[in-house]
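A.B. asks: First the structure, then my questions, so here it is.
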Amino acid sequence: MTGDKRRALGRELSVVARRWRTRLDERLRSLEMSQARWAVLNAIRHASQGLSQKALAEQAGIEPATLVRMIDALEAQGLVERCASQDDRRINLISLRPAALPLIEQMDEIDAALSRELLQDYEGEDLRALVELLRSLRSKLEQA
């Protein structure tokens, strides 16, 4: 692959990711949610216990200052709660409240529908190869 094609790949990935998030945000708006809020709720859902704000920011890929405002909003909606860590009272652990689970399931369905719609013209092997490439790139970026 030439240098121009390698640079084009980065630009295309950036544009596709931004436009995909925009389409998902449009569809989540009916639930008064966004892709970023869904990512935060998902990170908490998949954790075995509450997450610190620092760990949550890393897992959701959100800047810590942005995350604080987002947690405030999610807490006001009754979707998450902050609790002081038993190990270190300076650390707040964020966990889901029961009201979040049905909402997350609705957002999962909206995401699945968008994915089906956008990827319907692509074959299984192409998608597997693309996912493997993206995971490899993400791993390299996370190590850097």
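Naming works like this for the structure tokens: A, B, ... for the chains as they're shown, residue 1 at the start of each chain, ligands 1 onward in shown order.
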Can you pull out every residue within 12 Å of stretch 116-122 of chain A, counting only C-alpha atoms, but drop anything in the same chain fewer than 5 positions away, and send it as a CSV table (one decimal) with all heavy atoms, in the first residue's frame?

C.D. replies:
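Contents of the output file part-v6.csv:
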chain,number,residue,atom,x,y,z
A,16,VAL,N,-15.8,8.2,8.4
A,16,VAL,CA,-16.8,7.2,8.6
A,16,VAL,C,-17.3,7.1,10.1
A,16,VAL,O,-18.4,7.1,10.4
A,16,VAL,CB,-16.3,5.8,8.1
A,16,VAL,CG1,-17.2,4.7,8.6
A,16,VAL,CG2,-16.3,5.8,6.6
A,19,ARG,N,-19.4,10.2,10.9
A,19,ARG,CA,-20.7,10.1,10.3
A,19,ARG,C,-21.6,9.0,11.0
A,19,ARG,O,-22.8,9.2,11.1
A,19,ARG,CB,-20.6,10.0,8.8
A,19,ARG,CG,-20.1,11.2,8.2
A,19,ARG,CD,-20.2,11.2,6.7
A,19,ARG,NE,-19.7,12.5,6.2
A,19,ARG,CZ,-19.2,12.7,5.0
A,19,ARG,NH1,-19.2,11.7,4.2
A,19,ARG,NH2,-18.8,13.9,4.7
A,20,TRP,N,-21.0,7.9,11.3
A,20,TRP,CA,-21.7,6.8,11.9
A,20,TRP,C,-22.3,7.3,13.3
A,20,TRP,O,-23.4,7.1,13.6
A,20,TRP,CB,-20.8,5.6,12.1
A,20,TRP,CG,-21.5,4.3,12.5
A,20,TRP,CD1,-22.4,4.1,13.5
A,20,TRP,CD2,-21.4,3.0,11.9
A,20,TRP,NE1,-22.8,2.8,13.6
A,20,TRP,CE2,-22.2,2.1,12.6
A,20,TRP,CE3,-20.6,2.6,10.8
A,20,TRP,CZ2,-22.3,0.8,12.2
A,20,TRP,CZ3,-20.7,1.3,10.4
A,20,TRP,CH2,-21.6,0.4,11.1
A,23,ARG,N,-25.2,9.6,12.8
A,23,ARG,CA,-26.5,8.9,12.5
A,23,ARG,C,-27.0,8.2,13.7
A,23,ARG,O,-28.2,8.2,14.0
A,23,ARG,CB,-26.2,7.8,11.4
A,23,ARG,CG,-25.8,8.3,10.1
A,23,ARG,CD,-27.0,9.2,9.4
A,23,ARG,NE,-26.5,9.7,8.2
A,23,ARG,CZ,-25.9,10.8,8.0
A,23,ARG,NH1,-25.6,11.6,9.0
A,23,ARG,NH2,-25.6,11.3,6.8
A,24,LEU,N,-26.1,7.6,14.5
A,24,LEU,CA,-26.6,7.0,15.8
A,24,LEU,C,-27.2,8.0,16.7
A,24,LEU,O,-28.2,7.8,17.3
A,24,LEU,CB,-25.5,6.2,16.4
A,24,LEU,CG,-25.8,5.3,17.6
A,24,LEU,CD1,-27.0,4.4,17.3
A,24,LEU,CD2,-24.6,4.6,18.1
A,109,GLU,N,-30.9,-2.0,20.5
A,109,GLU,CA,-31.7,-2.3,19.4
A,109,GLU,C,-31.6,-1.2,18.3
A,109,GLU,O,-31.5,-1.5,17.1
A,109,GLU,CB,-33.2,-2.4,19.8
A,109,GLU,CG,-33.5,-3.6,20.6
A,109,GLU,CD,-34.9,-3.6,21.2
A,109,GLU,OE1,-35.7,-2.8,20.8
A,109,GLU,OE2,-35.1,-4.4,22.1
A,110,ILE,N,-31.5,0.0,18.6
A,110,ILE,CA,-31.3,1.1,17.7
A,110,ILE,C,-30.0,1.0,17.0
A,110,ILE,O,-29.9,1.1,15.7
A,110,ILE,CB,-31.5,2.5,18.3
A,110,ILE,CG1,-32.9,2.7,18.7
A,110,ILE,CG2,-30.9,3.6,17.5
A,110,ILE,CD1,-33.2,3.9,19.6
A,111,ASP,N,-28.9,0.7,17.8
A,111,ASP,CA,-27.6,0.5,17.2
A,111,ASP,C,-27.6,-0.7,16.2
A,111,ASP,O,-27.0,-0.7,15.2
A,111,ASP,CB,-26.6,0.3,18.3
A,111,ASP,CG,-25.2,-0.1,17.8
A,111,ASP,OD1,-24.6,0.8,17.0
A,111,ASP,OD2,-24.7,-1.2,18.0
A,127,LEU,N,-16.4,-8.4,6.3
A,127,LEU,CA,-16.6,-7.7,7.6
A,127,LEU,C,-15.7,-8.3,8.7
A,127,LEU,O,-15.2,-7.5,9.5
A,127,LEU,CB,-18.1,-7.9,8.1
A,127,LEU,CG,-19.1,-7.1,7.3
A,127,LEU,CD1,-20.5,-7.5,7.8
A,127,LEU,CD2,-18.9,-5.7,7.4
A,128,ARG,N,-15.5,-9.6,8.7
A,128,ARG,CA,-14.5,-10.2,9.6
A,128,ARG,C,-13.1,-9.6,9.4
A,128,ARG,O,-12.4,-9.3,10.4
A,128,ARG,CB,-14.5,-11.7,9.5
A,128,ARG,CG,-15.6,-12.4,10.2
A,128,ARG,CD,-15.4,-13.9,10.3
A,128,ARG,NE,-15.6,-14.6,9.0
A,128,ARG,CZ,-16.8,-14.8,8.4
A,128,ARG,NH1,-17.9,-14.5,9.1
A,128,ARG,NH2,-16.8,-15.4,7.3
A,129,ALA,N,-12.7,-9.5,8.2
A,129,ALA,CA,-11.4,-8.9,7.9
A,129,ALA,C,-11.3,-7.5,8.4
A,129,ALA,O,-10.3,-7.1,8.9
A,129,ALA,CB,-11.0,-9.0,6.4
A,130,LEU,N,-12.3,-6.7,8.1
A,130,LEU,CA,-12.3,-5.3,8.5
A,130,LEU,C,-12.3,-5.2,10.0
A,130,LEU,O,-11.5,-4.4,10.6
A,130,LEU,CB,-13.6,-4.6,8.0
A,130,LEU,CG,-13.7,-3.1,8.4
A,130,LEU,CD1,-12.6,-2.3,8.0
A,130,LEU,CD2,-15.0,-2.6,7.8

A.B. asks: If we count only C-alpha atoms and set the cut-off at 7 Å, which residues sit around stretch 92-108 of chain A, ignoring sequence neighbours fewer than 4 positions away in its own chain? Please answer as a count of residues only.

C.D. replies: 16

A.B. asks: List every residue of stretch 29-102 of chain A that DSSP, applied to the backbone, labels as helix (DSSP H, G or I), and write the result as a VMD selection string.

C.D. replies: chain A and resid 29 to 31 35 to 46 53 to 60 64 to 76 100 to 102

A.B. asks: Of the candidates A:Arg21, A:Arg37, A:Arg27, A:Lys5, which one gets nearest to A:Gln77 if we count only C-alpha atoms?

C.D. replies: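 Closest to A:Gln77, using only C-alpha atoms: A:Arg37.
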
A.B. asks: Among stretch 51-111 of chain A, which residues does DSSP mark as strand (DSSP E or B) when it is run on the backbone? Keep the chain and numbering as in the structure and answer as a CSV table (one decimal) with C-alpha atoms, in the first residue's frame.

C.D. replies:
chain,number,residue,atom,x,y,z
A,51,LEU,CA,-16.1,1.8,37.7
A,52,SER,CA,-14.0,4.8,38.9
A,80,VAL,CA,-26.4,6.0,37.4
A,81,GLU,CA,-25.2,6.6,40.9
A,82,ARG,CA,-21.9,7.6,42.5
A,83,CYS,CA,-20.7,5.8,45.6
A,84,ALA,CA,-17.5,6.3,47.5
A,92,ASN,CA,-16.2,7.6,43.3
A,93,LEU,CA,-17.4,4.4,41.7
A,94,ILE,CA,-20.1,4.7,39.1
A,95,SER,CA,-22.8,2.0,38.8
A,96,LEU,CA,-26.0,1.6,36.9

A.B. asks: Would you list the contacts of A:Ala36 as a PyMOL selection string, taking every protein, DNA or RNA residue within 10 Å and counting only C-alpha atoms, but skipping same-chain residues closer than 2 positions in sequence?

C.D. replies: chain A and resi 21+24-25+33-34+38-42+60-62+67+70

A.B. asks: Keeping only N, CA, C and O atoms, write the selected residues as a CSV table (one decimal), in the first residue's frame.

C.D. replies:
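Output (selection-v2.csv):
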chain,number,residue,atom,x,y,z
A,21,ARG,N,-21.4,7.9,14.1
A,21,ARG,CA,-21.8,8.5,15.4
A,21,ARG,C,-23.0,9.5,15.2
A,21,ARG,O,-23.9,9.5,16.0
A,24,LEU,N,-26.1,7.6,14.5
A,24,LEU,CA,-26.6,7.0,15.8
A,24,LEU,C,-27.2,8.0,16.7
A,24,LEU,O,-28.2,7.8,17.3
A,25,ASP,N,-26.5,9.2,16.8
A,25,ASP,CA,-27.0,10.3,17.7
A,25,ASP,C,-28.4,10.7,17.2
A,25,ASP,O,-29.3,11.0,18.1
A,33,MET,N,-30.9,10.6,24.4
A,33,MET,CA,-29.6,10.0,24.6
A,33,MET,C,-28.7,10.3,23.4
A,33,MET,O,-29.2,10.8,22.4
A,34,SER,N,-27.4,9.9,23.6
A,34,SER,CA,-26.5,10.1,22.5
A,34,SER,C,-25.6,8.9,22.5
A,34,SER,O,-25.5,8.1,23.4
A,38,TRP,N,-24.5,6.4,25.6
A,38,TRP,CA,-24.7,5.0,25.4
A,38,TRP,C,-23.3,4.3,25.7
A,38,TRP,O,-23.3,3.2,26.4
A,39,ALA,N,-22.2,4.8,25.2
A,39,ALA,CA,-20.9,4.2,25.4
A,39,ALA,C,-20.6,4.2,26.9
A,39,ALA,O,-20.0,3.2,27.4
A,40,VAL,N,-20.9,5.2,27.6
A,40,VAL,CA,-20.7,5.3,29.1
A,40,VAL,C,-21.5,4.2,29.8
A,40,VAL,O,-21.0,3.5,30.6
A,41,LEU,N,-22.8,4.2,29.5
A,41,LEU,CA,-23.7,3.2,30.1
A,41,LEU,C,-23.2,1.8,29.8
A,41,LEU,O,-23.3,0.9,30.7
A,42,ASN,N,-22.8,1.5,28.6
A,42,ASN,CA,-22.3,0.2,28.2
A,42,ASN,C,-21.1,-0.2,29.0
A,42,ASN,O,-20.9,-1.3,29.4
A,60,ALA,N,-14.7,4.4,27.9
A,60,ALA,CA,-15.6,5.0,27.0
A,60,ALA,C,-15.0,5.9,26.0
A,60,ALA,O,-15.7,6.3,25.1
A,61,GLY,N,-13.7,6.2,26.2
A,61,GLY,CA,-13.0,7.1,25.2
A,61,GLY,C,-13.5,8.5,25.3
A,61,GLY,O,-13.6,9.2,24.3
A,62,ILE,N,-13.7,8.9,26.5
A,62,ILE,CA,-14.2,10.3,26.7
A,62,ILE,C,-13.3,11.1,27.7
A,62,ILE,O,-12.8,10.5,28.6
A,67,LEU,N,-16.7,13.7,30.9
A,67,LEU,CA,-17.4,12.6,31.6
A,67,LEU,C,-18.1,13.1,32.9
A,67,LEU,O,-19.2,12.6,33.2
A,70,MET,N,-21.3,14.5,32.0
A,70,MET,CA,-22.2,13.5,31.5
A,70,MET,C,-22.7,12.6,32.7
A,70,MET,O,-23.9,12.3,32.7

A.B. asks: Looking at only C-alpha atoms, which of A:Asp88, A:Arg138, A:Asp72, A:Ala43 is the one that sits closest to A:Ala55?

C.D. replies: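 With only C-alpha atoms as the atom set, the closest residue is A:Ala43.
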